[in-house]
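Here is the structure we will look at, set down as structure tokens.
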Amino acid sequence: MSTHFAEVLARESACLAGVTDGAKLADWRRRVVQELMTPLSPYVFALRQTGDVPGRADFLDRWRELLAETVDRLLRSGTTGDTHSSGQTRRTDVDAQKTALLILAALHGGSTLSQITKDPWPLNAALDLALAPFTATEDNSPARTGTSSPIGNMNT
Amino acid sequence: MTTADPRNGRRLTARGAKTRARIVAAATDLMYVKGVGATTLDDVLAASGVSKSQLYHHFDGKDALVRAVIDNVGERVIEREREALGHVSTIRGLRRWRDVLVQNNALRHGAYGCALGSLASEVSDHDALAREALSRLFAEWQGLLAGVLRRLQDDGVLPPDASVDQLATGLMAALQGGYMLAQTARDVTPMATAIDMVLAHIESLSKR
């Protein structure tokens with residue numbers, strides 16, 4: 001496995017293991033966004049669509065697994081801040097595997113959009129949506145400049 | 001008949017325009033299948049059957065050719081998406097749009113990804129002009145998605161406080177990320193799942 005795949009997995013494995021609540025999830029997210037906006041970061045190389053396809057497929061599977069474990073842990077601990085206006089939580093509707101896949105797709109597609117615009121906003125918008133089940137806020141549409149949620153966007 | 005070269009404004013004869021189009025078509029196919037990085041000018045010469053001097057008459061190097069490919073792919077994708085999304089005003093219509101993209105990608109086992117997204121993931125850092133062109137094209141595509149969401153909002157399907165631009169951007173990111181995951185897995189499932197998750201989220205907002 002190429003070095004940037006191994007390095008990202010080592011870092012993600014360590015960081016995601018410590019994500020036990022919404023605030024730590026926000027820390028994780030802030031750090032990943034920063035990595036993906038740094039041109040020579042191993043995260044950027046690891047998500048590039050070139051070269052070693054089997055290696056990348058394996059890397060993405062393992063990252064998705066780490067994300068799914070984290071999502072599952074957060075669901076078990078009840079870190080699902082979002083409460084519908086009806087008062088019914090969304091917790092039971094959340095599928096850890098599918099949520100992990102959406103987070104990975106948001107990182108992948110969001111970073112591509114952010115790299116062409118040189119603006120972290122698209123990546124943050126994508127992550128806001130993917131992490132919506134864990135966003136403790138009445139208003140789940142953080143605006144471009146908004147910081148209303150702990151997992152809200154990081155442009156400020 | 002003469003037409004203006006879209007890049008340098010030079011007048012092209014009908015024959016010159018035809019040669020240029022042949023080069024761009026060959027480069028578009030090669031870059032879609034092999035990727036931008038792995039496509040050489042020699043590959044383009046071989047696939048298009050034009051001479052080196054003809055190629056350099058139209059393009060002063062690979063960057064110029066890549067930009068012409070971006071224009072070519074962008075025009076096609078935007079035209080397709082305008083037709084597909086321009087009049088959609090229901091969640092059902094949005095799901096039909098999703099079905100077409102997923103079905104088309106499934107035909108190829110997801111192998112090649114989105115023509116525009118693949119270009120974006122490869123050329124983004126070194127060529128500022130290419131990056132700006134891609135950025136404009138994605139803004140236009142996202143604008144079409146935002147248009148659909150705004151019509152949903154106008155009809156009261158989406159709540160007035162839903163952030164249409166953020167949802168449109170999140171949907172585009174999930175679509176592009178889904179294409180990339182499908183391409184790596186050689187399986188369209190991750191793409192379908194990623195879009196479905198976002199559409200379910202949009203639908204959940206409509207039920208609040």
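Within each chain, counting starts at residue 1; across the structure tokens, chains are named A, B, ... in the order shown, with ligands numbered 1 upward in that order.
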field: Neighbours of chain B in chain A at 9 Å, counting only C-alpha atoms, as JSON, numbers by chain
entry: {"A": [39, 47, 48, 49, 50, 53, 54, 56, 57, 60, 84, 85, 86, 98, 99, 101, 102, 103, 104, 105, 106, 107, 108, 109, 110, 111, 112, 113, 115, 116, 117, 122, 123, 124, 125, 126, 127, 128, 129, 130, 132, 139, 140, 141, 142, 143, 144]}
task: In Å, rounded to a single decimal, give me how far atom CA of A:Ala96 is from atom CA of A:Asp72.
output: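 Value for the atom CA of A:Asp72-atom CA of A:Ala96 distance: 5.5 Å.
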task: Using DSSP on the backbone, list every residue of stretch 38-192 of chain B that comes out as alpha helix (DSSP H), and give them as a PyMOL selection string.
output: chain B and resi 41-48+52-58+62-85+91-107+115-123+128-154+164-185+189-192
Atoms to include: C-alpha atoms. Write the selected residues as a tab-separated table (two decimals), in the first residue's frame.
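Done, and the output landed in selection_38.tsv:
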chain	number	residue	atom	x	y	z
B	41	LEU	CA	0.19	14.39	-27.08
B	42	ASP	CA	1.55	11.38	-28.98
B	43	ASP	CA	-1.54	9.40	-27.93
B	44	VAL	CA	-3.72	12.22	-29.26
B	45	LEU	CA	-1.79	12.30	-32.55
B	46	ALA	CA	-2.19	8.56	-32.98
B	47	ALA	CA	-5.90	8.54	-32.11
B	48	SER	CA	-6.87	11.55	-34.22
B	52	LYS	CA	2.25	17.01	-35.21
B	53	SER	CA	2.40	20.31	-37.09
B	54	GLN	CA	-1.40	20.39	-37.40
B	55	LEU	CA	-1.75	19.77	-33.68
B	56	TYR	CA	0.70	22.53	-32.79
B	57	HIS	CA	-1.02	24.85	-35.24
B	58	HIS	CA	-4.14	24.66	-33.05
B	62	LYS	CA	-0.99	19.99	-23.55
B	63	ASP	CA	-2.44	22.63	-21.21
B	64	ALA	CA	-4.16	24.36	-24.14
B	65	LEU	CA	-5.55	21.05	-25.31
B	66	VAL	CA	-6.80	20.19	-21.82
B	67	ARG	CA	-8.64	23.53	-21.70
B	68	ALA	CA	-10.31	22.76	-25.05
B	69	VAL	CA	-11.35	19.36	-23.67
B	70	ILE	CA	-12.84	21.05	-20.58
B	71	ASP	CA	-14.86	23.40	-22.83
B	72	ASN	CA	-16.02	20.48	-24.96
B	73	VAL	CA	-17.01	18.22	-22.04
B	74	GLY	CA	-18.48	21.13	-20.10
B	75	GLU	CA	-20.73	22.17	-22.97
B	76	ARG	CA	-22.03	18.62	-23.34
B	77	VAL	CA	-22.62	18.05	-19.63
B	78	ILE	CA	-24.32	21.40	-19.07
B	79	GLU	CA	-26.57	20.88	-22.08
B	80	ARG	CA	-27.54	17.40	-20.83
B	81	GLU	CA	-28.16	18.66	-17.29
B	82	ARG	CA	-30.13	21.71	-18.44
B	83	GLU	CA	-32.41	19.40	-20.35
B	84	ALA	CA	-32.68	16.98	-17.41
B	85	LEU	CA	-33.13	19.50	-14.60
B	91	ILE	CA	-38.77	15.31	-5.56
B	92	ARG	CA	-39.98	12.57	-7.87
B	93	GLY	CA	-38.48	14.43	-10.80
B	94	LEU	CA	-35.21	14.73	-8.88
B	95	ARG	CA	-35.26	10.96	-8.33
B	96	ARG	CA	-35.77	10.37	-12.05
B	97	TRP	CA	-32.71	12.55	-12.72
B	98	ARG	CA	-30.79	10.39	-10.23
B	99	ASP	CA	-31.99	7.18	-11.92
B	100	VAL	CA	-30.73	8.29	-15.33
B	101	LEU	CA	-27.26	9.14	-13.99
B	102	VAL	CA	-27.00	5.94	-11.96
B	103	GLN	CA	-28.29	3.74	-14.83
B	104	ASN	CA	-25.88	5.29	-17.30
B	105	ASN	CA	-22.98	4.83	-14.94
B	106	ALA	CA	-24.03	1.24	-14.18
B	107	LEU	CA	-23.69	0.36	-17.88
B	115	ALA	CA	-16.51	13.26	-17.41
B	116	LEU	CA	-16.41	16.71	-15.82
B	117	GLY	CA	-15.61	15.51	-12.30
B	118	SER	CA	-12.70	13.40	-13.54
B	119	LEU	CA	-11.22	16.46	-15.21
B	120	ALA	CA	-11.73	18.45	-12.01
B	121	SER	CA	-9.96	15.89	-9.86
B	122	GLU	CA	-6.95	15.84	-12.16
B	123	VAL	CA	-6.25	19.33	-13.41
B	128	ALA	CA	-5.32	28.24	-13.04
B	129	LEU	CA	-7.22	28.84	-16.31
B	130	ALA	CA	-8.43	25.25	-16.42
B	131	ARG	CA	-9.41	25.45	-12.77
B	132	GLU	CA	-11.43	28.63	-13.33
B	133	ALA	CA	-13.20	27.12	-16.33
B	134	LEU	CA	-14.12	24.03	-14.29
B	135	SER	CA	-15.22	26.19	-11.41
B	136	ARG	CA	-17.59	28.15	-13.70
B	137	LEU	CA	-19.01	24.94	-15.17
B	138	PHE	CA	-19.66	23.39	-11.77
B	139	ALA	CA	-21.25	26.64	-10.59
B	140	GLU	CA	-23.59	26.44	-13.57
B	141	TRP	CA	-24.47	22.79	-12.89
B	142	GLN	CA	-25.04	23.50	-9.19
B	143	GLY	CA	-27.17	26.46	-10.24
B	144	LEU	CA	-29.45	24.04	-12.10
B	145	LEU	CA	-29.79	21.89	-8.97
B	146	ALA	CA	-30.40	24.98	-6.85
B	147	GLY	CA	-33.11	25.95	-9.34
B	148	VAL	CA	-34.92	22.67	-8.72
B	149	LEU	CA	-34.66	23.11	-4.95
B	150	ARG	CA	-35.87	26.69	-5.19
B	151	ARG	CA	-38.94	25.55	-7.14
B	152	LEU	CA	-39.55	22.97	-4.40
B	153	GLN	CA	-39.27	25.76	-1.87
B	154	ASP	CA	-41.61	28.05	-3.82
B	164	VAL	CA	-30.90	25.93	-1.11
B	165	ASP	CA	-27.33	26.72	-2.13
B	166	GLN	CA	-25.89	24.60	0.62
B	167	LEU	CA	-28.13	21.66	-0.26
B	168	ALA	CA	-27.31	21.99	-3.97
B	169	THR	CA	-23.59	22.04	-3.18
B	170	GLY	CA	-23.93	19.07	-0.82
B	171	LEU	CA	-25.86	17.16	-3.48
B	172	MET	CA	-23.22	17.92	-6.12
B	173	ALA	CA	-20.41	16.87	-3.76
B	174	ALA	CA	-22.19	13.60	-2.95
B	175	LEU	CA	-22.79	12.97	-6.65
B	176	GLN	CA	-19.15	13.63	-7.55
B	177	GLY	CA	-17.80	11.75	-4.55
B	178	GLY	CA	-20.16	8.90	-5.38
B	179	TYR	CA	-18.88	8.78	-8.96
B	180	MET	CA	-15.31	8.61	-7.65
B	181	LEU	CA	-16.06	5.86	-5.12
B	182	ALA	CA	-17.91	3.90	-7.82
B	183	GLN	CA	-14.98	4.33	-10.19
B	184	THR	CA	-12.53	2.94	-7.64
B	185	ALA	CA	-14.85	0.08	-6.62
B	189	THR	CA	-23.60	1.05	-5.68
B	190	PRO	CA	-21.65	3.67	-3.65
B	191	MET	CA	-22.75	6.37	-6.10
B	192	ALA	CA	-26.39	5.34	-5.85
Selected residue, from A:Val8, A:Leu16, A:Leu74, A:Leu67, that lies nearest to A:Gln97 when counting only C-alpha atoms: A:Leu67
- request: Check the smallest atom-to-atom distance from each of A:Val19, A:Ala26, A:Ala46, A:Val32 to A:Glu7 using only C-alpha atoms, then report the winner.
  value: A:Ala46
query: What is the atom CA of A:Phe59-atom CA of A:Phe5 distance in Å, reported with one decimal?
result: 6.1 Å
